[in-house]
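Accompanying notes for the structure given below.
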Amino acid sequence: MAAKQKPVTIVVGGGLGGLWATLRIVEAGYPVKLFSLFEVKRSHSACAQGGINACMDLKGQRDSVKQHIIDTIKGGGYISDHPPVKTMCEEAPGMMRTFERMGVTFSRTAEGLLDLRLFGGVKNKRTLFAGASSGQQLLYGVDEQVRRYEDQGLVQKHEWWEFLSIIKDEEGRCRGITAMDLRTMEVTAFPADAVVLATGGLGLVFGKSTNSTNSTGAAAARVYKQGADFTHGEFIQFHPTGMLGEDKTRLMSEAARGEGGRIWVPKDPTDLRDPRTIPEGERFYFLEEWFPAYGNTVPRDVASRAIWKAVKKMGLGIGGQDKVFLDLTHLDKAFLRRRLGAIMEIYETFKGKDPVDHPMEIFPAVHYSMGGLWVDWEKDENTGGMKIGSPRNHQTNVPGLFACGECDGMYHGANRLGANSLLSASFSGRVAGESAGSYLKGLKIKPVSQAVVDSELTRQREINQGLMASSGSENPYALHRELGDLMRAKVGIERDNATLDEALDGLEELQDRAENIGLGEKSGWANASLPYARQVQDMIVVGKIIAKSARMRDEYRGSHYKPEFEVKMPEDAYPGDPKYDDYIAKWKAGNDKWLKATVASHTPDGPAISYKPVDTSVLPPTQPRDYR
Amino acid sequence: MSDKKIRFEIKRQDGPKAAPYWQSFEIPYEHGHNVVSALMKIRETPVTTAGQLVEPVLWEANCMEEVCGACSMRINGKPMQACSTLIDNLTQPIKLEPLTKFPVVRDLMIDRRRMFDNLRKVKAWIDLDGSWDVGTGAPRISPQEWELNYSFSRCMTCGCCMEACPQFGPDYDFVGPAPLGQVRLMNAHPTGKYFAADRLHAIMGDGGLSDCGNAQNCAEVCPKEIPLTTAIGQLGRQVTVQLVKDLIGG
């Protein structure tokens with residue numbers, strides 16, 4: 001009898017999620033083929049600056065895991081399934097201990113213990129950090145462990161390969177992938193028994209964002225087109241203070257507002273004088289005027305919407321453009337250097353101006369997608385959390401295909417708390433890896449038929465050949481810019497149905513035009529335009545999911561803001577007041593109607609939207625958020 | 001609108017074995033351009049200054065925030081990160097070349113696999129029993145020690161130090177400064193120390209620490225200002241102690 005063959009597992013993507021998944025699959029006894037567009041160490045996880053949340057309770061504040069759960073669920077507008085959130089928060093401290101053992105250089109207290117900082121939307125210090133490069137440090141920690149297993153022959157890296165599709169067998173099970181070698185441009189099929197997708201966010205769908213140039217969402221779109229559902233697509237987080245750039249909008253930390261930065265525009269938008277010479281009386285400090293209690297330190301979403309209103313609705317952007325000032329110049333220079341040195345350096349590096357002397361120019365930037373591939377989970381009836389080790393966890397609706405990290409839509413609901421993304425990336429990767437291990441253990445299936453493999457391979461090769469041979473008139477780079485402009489203008493911070501309908505029409509048109517792409521590049525070696533063109537085509541698919549999901553949700557929840565349907569909390573009214581009770585009744589009616597998860601499924605006519613109930617067993621939504 | 005331009009001389013190469021050649025490009029000046037954003041502009045309609053439509057220039061970029069290490073290239077002769085190099089700070093025409101110490105893939109894109117292989121060679125990791133929680137973290141680390149460690153842990157394997165090092169290159173075995181910095185980092189970790197001898201042995205033979213010619217270029221060009229020469233000095237002392245230990249069978 002032939003020796004029993006070890007199952008083959010494939011992980012696509014080598015950020016925090018993919019690397020954690022890789023570690024846990026190897027530790028379950030299965031070797032991993034790890035695919036990435038570039039060396040995994042260069043993944044977008046490296047960009048996260050702030051930190052990672054876990055209740056370590058080291059600051060004498062009696063912080064509790066329960067409070068972390070509540071903050072995450074409430075912050076997300078209650079709309080993510082609660083049990084997985086519960087388990088993520090419970091497991092977070094253990095994961096931090098593991099990261100520390102990996103050698104992650106977490107910042108230290110005077111006693112040499114893990115230091116914690118305060119982050120937005122919470123009352124207690126709960127955020128571990130590593131200088132100003134927390135994501136980079138966490139990524140390197142797992143990267144080194146994966147390299148250790150690579151050295152033992154347990155991980156085989158395929159870097160500079162682009163994932164193109166999954167191979168689905170006759171029963172609809174995921175049986176491997178096709179991928180393109182980004183140097184030889186050769187498309188190859190890799191049969192496998194389980195596939196974990198950890199391909200990150202989709203900021204590039206909006207053209208400019210805080211994301212890396214490879215965060216296109218294309219991989220998620222590819223499996224979506226092959227039958228994997230996409231959930232919470234409408235929920236996109238904007239960061240209020242993005243630095244404007246020709247190439248991307250880089251993040252300016254909210255600490256700049258926290259330490260006294262003031263946001264303003266000249267009252268006359270055509271006033272192009274040096275901002276420092278504009279007299280106080282001719283400036284409009286709109287946050288301070290509209291929100292006297294909080295002024296410039298209103299939460300992220302409120303700040304983003306206010307800037308949007310000032311610029312887009314009132315036409316007050318500086319010089320008629322999409323920008324406002326974030327001004328530190330009135331603050332003491334020594335204070336600024338001490339408190340904001342690292343942050344101001346970033347601005348100076350990329351803008352060439354020192355914020356101590358020059359008001360910064362900023363505008364809200366697309367930052368994070370709460371939505372992503374729908375993934376399953378199994379409830380543990382004893383704990384009320386997610387049942388660790390279940391093969392259902394993080395499995396998409398395509399059997400054998402798992403998803404984790406920003407490309408899944410499990411944890412953040414309608415809005416993500418700061419420093420929860422590094423946590424969900426790590427935790428979901430770990431769980432997806434463990435889940436894939438459980439799945440493989442029980443697996444008894446025949447080898448995938450060569451016919452199935454060949455047909456997918458042929459399909460992918462034909463797409464490439466078509467693009468290489470095309471003399472179409474559309475430039476993929478220009479098309480991408482148009483897509484980004486459309487998405488930012490029409491599927492942005494403030495939404496209304498008429499504009500979203502326009503967006504959907506516009507996307508339809510872009511999709512047609514994307515069929516007529518001509519590559520200005522004929523090289524058969526390391527051709528960059530071919531994968532770019534395919535990514536643009538798939539980014540349009542993602543754009544349609546986002547726009548359609550947004551079009552269908554007629555309410556205001558978290559990052560999804562449709563003013564027409566906003567139920568406003570009455571000012572100066574508290575429980576007991578009939579005015580307040582009336583508001584609560586309306587709020588509850590809204591929840592009865594909309595506390596459900598959007599699910600987008602691919603059809604030839606575009607996304608079909610359905611809804612799934614949300615498990616709200618951990619924190620039943622009886623009260624709205626009230627930060628007064 | 002002024003007719004100010006940004007001018008580039010770019011060294012191109014169609015493949016690893018092809019002969020290099022130069023082309024010039026120019027784009028309208030806009031304030032705030034960095035080298036990558038300018039290359040993106042050129043990419044859309046790659047027409048040379050001579051008016052010839054050519055294949056787009058290939059280069060590598062990812063985070064655009066100087067944390068991923070992808071976009072290393074020689075800019076006006078110096079190895080730098082293209083994303084954080086502002087046009088306003090450069091003399092024109094701006095000369096772009098691929099790093100010379102690594103094989104060229106195409107144009108400005110190079111293959112830095114050797115750097116990652118070297119990280120394996122020197123065992124730049126902590127030996128964990130496994131990536132599960134064992135109920136305890138690592139031992140304490142003082143803030144002073146943390147600060148030193150943190151400077152080394154920011155190494156993004158960009159290769160600028162390797163490019164500047166006279167002892168590193170296709171014809172030499174020298175492991176290079178970046179992996180040595182990682183040995184320094186791992187050997188300083190409270191449990192990483194347990195296997196310090198293995199890492200030291202990995203850098204004691206041919207191509208190891210003793211190949212360093214002490215040119216000190218590495219620390220000078222590092223975009224993250226990592227004190228690589230300090231690391232090399234410290235490793236020198238560690239290696240000496242290890243040699244004695246090996247000799248007396250310690």
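Residues are named by chain letter and number: chains run A, B, ... in the order of the structure tokens, numbers start at 1 in each chain, and ligands are numbered from 1 in the order shown.
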
Quick one: residues within 10 Å of B:His31, only C-alpha atoms counted, chain neighbours fewer than 3 positions away excluded, as a compact mmCIF listing (two decimals) with N, CA and C atoms, in the first residue's frame?
```
# COMPACT_ATOMS: atom_id res chain seq x y z
N GLY A 245 -1.66 63.16 -0.33
CA GLY A 245 -0.47 62.88 -1.12
C GLY A 245 -0.86 62.57 -2.55
N GLU A 246 0.10 62.68 -3.44
CA GLU A 246 -0.15 62.34 -4.84
C GLU A 246 -0.43 60.84 -4.98
N LYS A 351 5.71 65.48 3.58
CA LYS A 351 5.19 66.73 3.04
C LYS A 351 6.28 67.80 2.96
N GLY A 352 7.41 67.52 3.58
CA GLY A 352 8.51 68.48 3.49
C GLY A 352 8.29 69.75 4.30
N PRO B 28 5.20 67.01 -15.44
CA PRO B 28 5.01 68.38 -14.93
C PRO B 28 5.28 68.42 -13.43
N ASN B 34 6.94 62.50 -4.36
CA ASN B 34 8.11 61.73 -3.96
C ASN B 34 8.49 60.86 -5.16
N LEU B 86 11.65 62.98 -1.21
CA LEU B 86 10.87 64.02 -1.89
C LEU B 86 11.66 64.62 -3.04
N ILE B 87 10.93 64.86 -4.13
CA ILE B 87 11.54 65.44 -5.32
C ILE B 87 12.20 66.79 -5.02
N ASP B 88 11.53 67.56 -4.16
CA ASP B 88 12.04 68.89 -3.85
C ASP B 88 13.43 68.87 -3.23
```

Could you work out which residues of chain A fall inside 8 Å of chain B? Count only C-alpha atoms, and format the result as an NGL selection string.
:A and (23-24 or 27 or 41-44 or 46-47 or 94-98 or 100-103 or 105 or 107-113 or 130-131 or 133 or 136-137 or 144-145 or 147-148 or 151 or 183 or 211-214 or 245-248 or 250 or 349-352 or 475 or 477-478 or 520-523 or 525-526 or 528)

Stretch 322-395 of chain A: residues DSSP assigns to alpha helix (DSSP H), reported as a PyMOL selection string
chain A and resi 333-351

For A:Lys544, find every residue with an atom within 12 Å (counting only C-alpha atoms), except residues of its own chain fewer than 2 positions away, and show them as a VMD selection string.
chain A and resid 205 to 206 221 224 230 233 to 234 483 486 to 487 490 to 491 500 to 511 537 to 542 546 to 551 600 to 603 605 to 609

List as a ChimeraX atom specification the protein and nucleic acid residues near stretch 558-565 of chain A, meaning an atom at most 7 Å away when only C-alpha atoms are counted, but skip any in the same chain fewer than 6 places from it.
/A:76-77,234-237,301,414-415,493-496

Skip stretch 462-466 of chain A itself and residues of its chain fewer than 3 positions away, then list as a PyMOL selection string all residues within 10 Å of it, counting only C-alpha atoms.
chain A and resi 180+185-187+456-459+469-471+515+517-518+530-531+533-534

For N, CA and C atoms, I'd like the residues from the last selection saved as a PDB file, in the first residue's frame.
```
ATOM      1  N   MET A 180      -0.377  32.981 -10.359  1.00  0.00           N
ATOM      2  CA  MET A 180       0.484  33.441 -11.451  1.00  0.00           C
ATOM      3  C   MET A 180       1.842  33.831 -10.878  1.00  0.00           C
ATOM      4  N   MET A 185       5.226  35.030 -15.387  1.00  0.00           N
ATOM      5  CA  MET A 185       3.825  35.235 -15.766  1.00  0.00           C
ATOM      6  C   MET A 185       3.098  33.916 -16.056  1.00  0.00           C
ATOM      7  N   GLU A 186       3.744  32.829 -15.698  1.00  0.00           N
ATOM      8  CA  GLU A 186       3.162  31.498 -15.889  1.00  0.00           C
ATOM      9  C   GLU A 186       2.029  31.278 -14.876  1.00  0.00           C
ATOM     10  N   VAL A 187       0.903  30.728 -15.337  1.00  0.00           N
ATOM     11  CA  VAL A 187      -0.185  30.379 -14.423  1.00  0.00           C
ATOM     12  C   VAL A 187      -0.087  28.893 -14.100  1.00  0.00           C
ATOM     13  N   GLU A 456      -9.986  24.891 -14.727  1.00  0.00           N
ATOM     14  CA  GLU A 456      -9.740  26.171 -14.060  1.00  0.00           C
ATOM     15  C   GLU A 456      -8.447  26.809 -14.574  1.00  0.00           C
ATOM     16  N   LEU A 457      -7.456  25.970 -14.779  1.00  0.00           N
ATOM     17  CA  LEU A 457      -6.179  26.462 -15.285  1.00  0.00           C
ATOM     18  C   LEU A 457      -6.354  27.096 -16.667  1.00  0.00           C
ATOM     19  N   THR A 458      -7.104  26.418 -17.490  1.00  0.00           N
ATOM     20  CA  THR A 458      -7.353  26.935 -18.841  1.00  0.00           C
ATOM     21  C   THR A 458      -8.098  28.262 -18.789  1.00  0.00           C
ATOM     22  N   ARG A 459      -9.099  28.318 -17.910  1.00  0.00           N
ATOM     23  CA  ARG A 459      -9.890  29.545 -17.790  1.00  0.00           C
ATOM     24  C   ARG A 459      -8.982  30.723 -17.424  1.00  0.00           C
ATOM     25  N   ALA A 469      -3.272  40.049 -25.461  1.00  0.00           N
ATOM     26  CA  ALA A 469      -3.480  40.232 -26.898  1.00  0.00           C
ATOM     27  C   ALA A 469      -4.360  41.439 -27.210  1.00  0.00           C
ATOM     28  N   SER A 470      -5.023  41.967 -26.188  1.00  0.00           N
ATOM     29  CA  SER A 470      -6.021  43.007 -26.427  1.00  0.00           C
ATOM     30  C   SER A 470      -5.393  44.299 -26.958  1.00  0.00           C
ATOM     31  N   SER A 471      -6.106  44.908 -27.888  1.00  0.00           N
ATOM     32  CA  SER A 471      -5.667  46.230 -28.334  1.00  0.00           C
ATOM     33  C   SER A 471      -6.687  47.260 -27.855  1.00  0.00           C
ATOM     34  N   GLU A 515     -13.623  45.758 -19.643  1.00  0.00           N
ATOM     35  CA  GLU A 515     -13.527  44.624 -20.570  1.00  0.00           C
ATOM     36  C   GLU A 515     -12.692  44.991 -21.789  1.00  0.00           C
ATOM     37  N   ILE A 517      -9.763  46.755 -21.732  1.00  0.00           N
ATOM     38  CA  ILE A 517      -8.434  47.237 -21.320  1.00  0.00           C
ATOM     39  C   ILE A 517      -7.381  46.815 -22.338  1.00  0.00           C
ATOM     40  N   GLY A 518      -6.506  47.717 -22.667  1.00  0.00           N
ATOM     41  CA  GLY A 518      -5.337  47.384 -23.471  1.00  0.00           C
ATOM     42  C   GLY A 518      -4.097  47.626 -22.625  1.00  0.00           C
ATOM     43  N   LEU A 530      -0.268  43.548 -16.478  1.00  0.00           N
ATOM     44  CA  LEU A 530      -1.235  42.450 -16.560  1.00  0.00           C
ATOM     45  C   LEU A 530      -1.891  42.176 -15.200  1.00  0.00           C
ATOM     46  N   PRO A 531      -1.114  41.938 -14.143  1.00  0.00           N
ATOM     47  CA  PRO A 531      -1.790  41.748 -12.849  1.00  0.00           C
ATOM     48  C   PRO A 531      -2.548  42.987 -12.406  1.00  0.00           C
ATOM     49  N   ALA A 533      -4.124  45.140 -14.306  1.00  0.00           N
ATOM     50  CA  ALA A 533      -5.389  45.180 -15.045  1.00  0.00           C
ATOM     51  C   ALA A 533      -6.402  44.219 -14.419  1.00  0.00           C
ATOM     52  N   ARG A 534      -5.934  43.045 -14.066  1.00  0.00           N
ATOM     53  CA  ARG A 534      -6.850  42.078 -13.462  1.00  0.00           C
ATOM     54  C   ARG A 534      -7.326  42.571 -12.098  1.00  0.00           C
TER      55      ARG A 534
END
```

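Within stretch 61-184 of chain B, DSSP run on the backbone puts these residues in strand (DSSP E or B): B:Ser72, B:Met73, B:Arg74, B:Ile75, B:Lys78, B:Pro79, B:Met80, B:Gln81, B:Leu86, B:Ile94, B:Lys95, B:Leu96, B:Glu97, B:Val104, B:Val105, B:Arg106, B:Met109, B:Ile110.
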
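Picture a line from atom CA of A:Gly384 to atom CA of A:Gly409; it runs 20.1 Å.
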
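For the atom pair formed by atom CA of A:Glu361 and atom CA of A:Gly258, the distance is 16.9 Å, given to one decimal.
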
Do you know which residues are at most 12 Å from A:Pro84 counting only C-alpha atoms, after dropping those on the same chain fewer than 3 positions away, and could you put them as a count of residues only?
38

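With only C-alpha atoms as the basis for measurement, B:Ala164 is the residue among B:Leu235, B:Leu99, B:Ala164, B:Thr240 that approaches B:Gln216 most closely.
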
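Put simply, atom CA of A:Lys86 is 24.0 Å away from atom CA of A:Arg300.
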
Nearby residues (only C-alpha atoms) at most 10 Å from B:Lys78, same-chain spacing under 6 positions excluded, as a ChimeraX atom specification:
/B:72,95-97,99,160,163-164,221

Store the residues picked out above in a file with C-alpha atoms, as a PDB file, in the first residue's frame.
```pdb
ATOM      1  CA  SER B  72      14.889  50.632  -2.163  1.00  0.00           C
ATOM      2  CA  LYS B  95      19.090  59.475 -11.588  1.00  0.00           C
ATOM      3  CA  LEU B  96      17.353  56.232 -10.673  1.00  0.00           C
ATOM      4  CA  GLU B  97      19.174  52.908 -10.726  1.00  0.00           C
ATOM      5  CA  LEU B  99      20.566  48.414  -6.265  1.00  0.00           C
ATOM      6  CA  CYS B 160      20.353  49.754   1.716  1.00  0.00           C
ATOM      7  CA  GLU B 163      24.224  47.951  -1.011  1.00  0.00           C
ATOM      8  CA  ALA B 164      26.565  50.348   0.759  1.00  0.00           C
ATOM      9  CA  VAL B 221      22.772  54.824   4.786  1.00  0.00           C
TER      10      VAL B 221
END
```
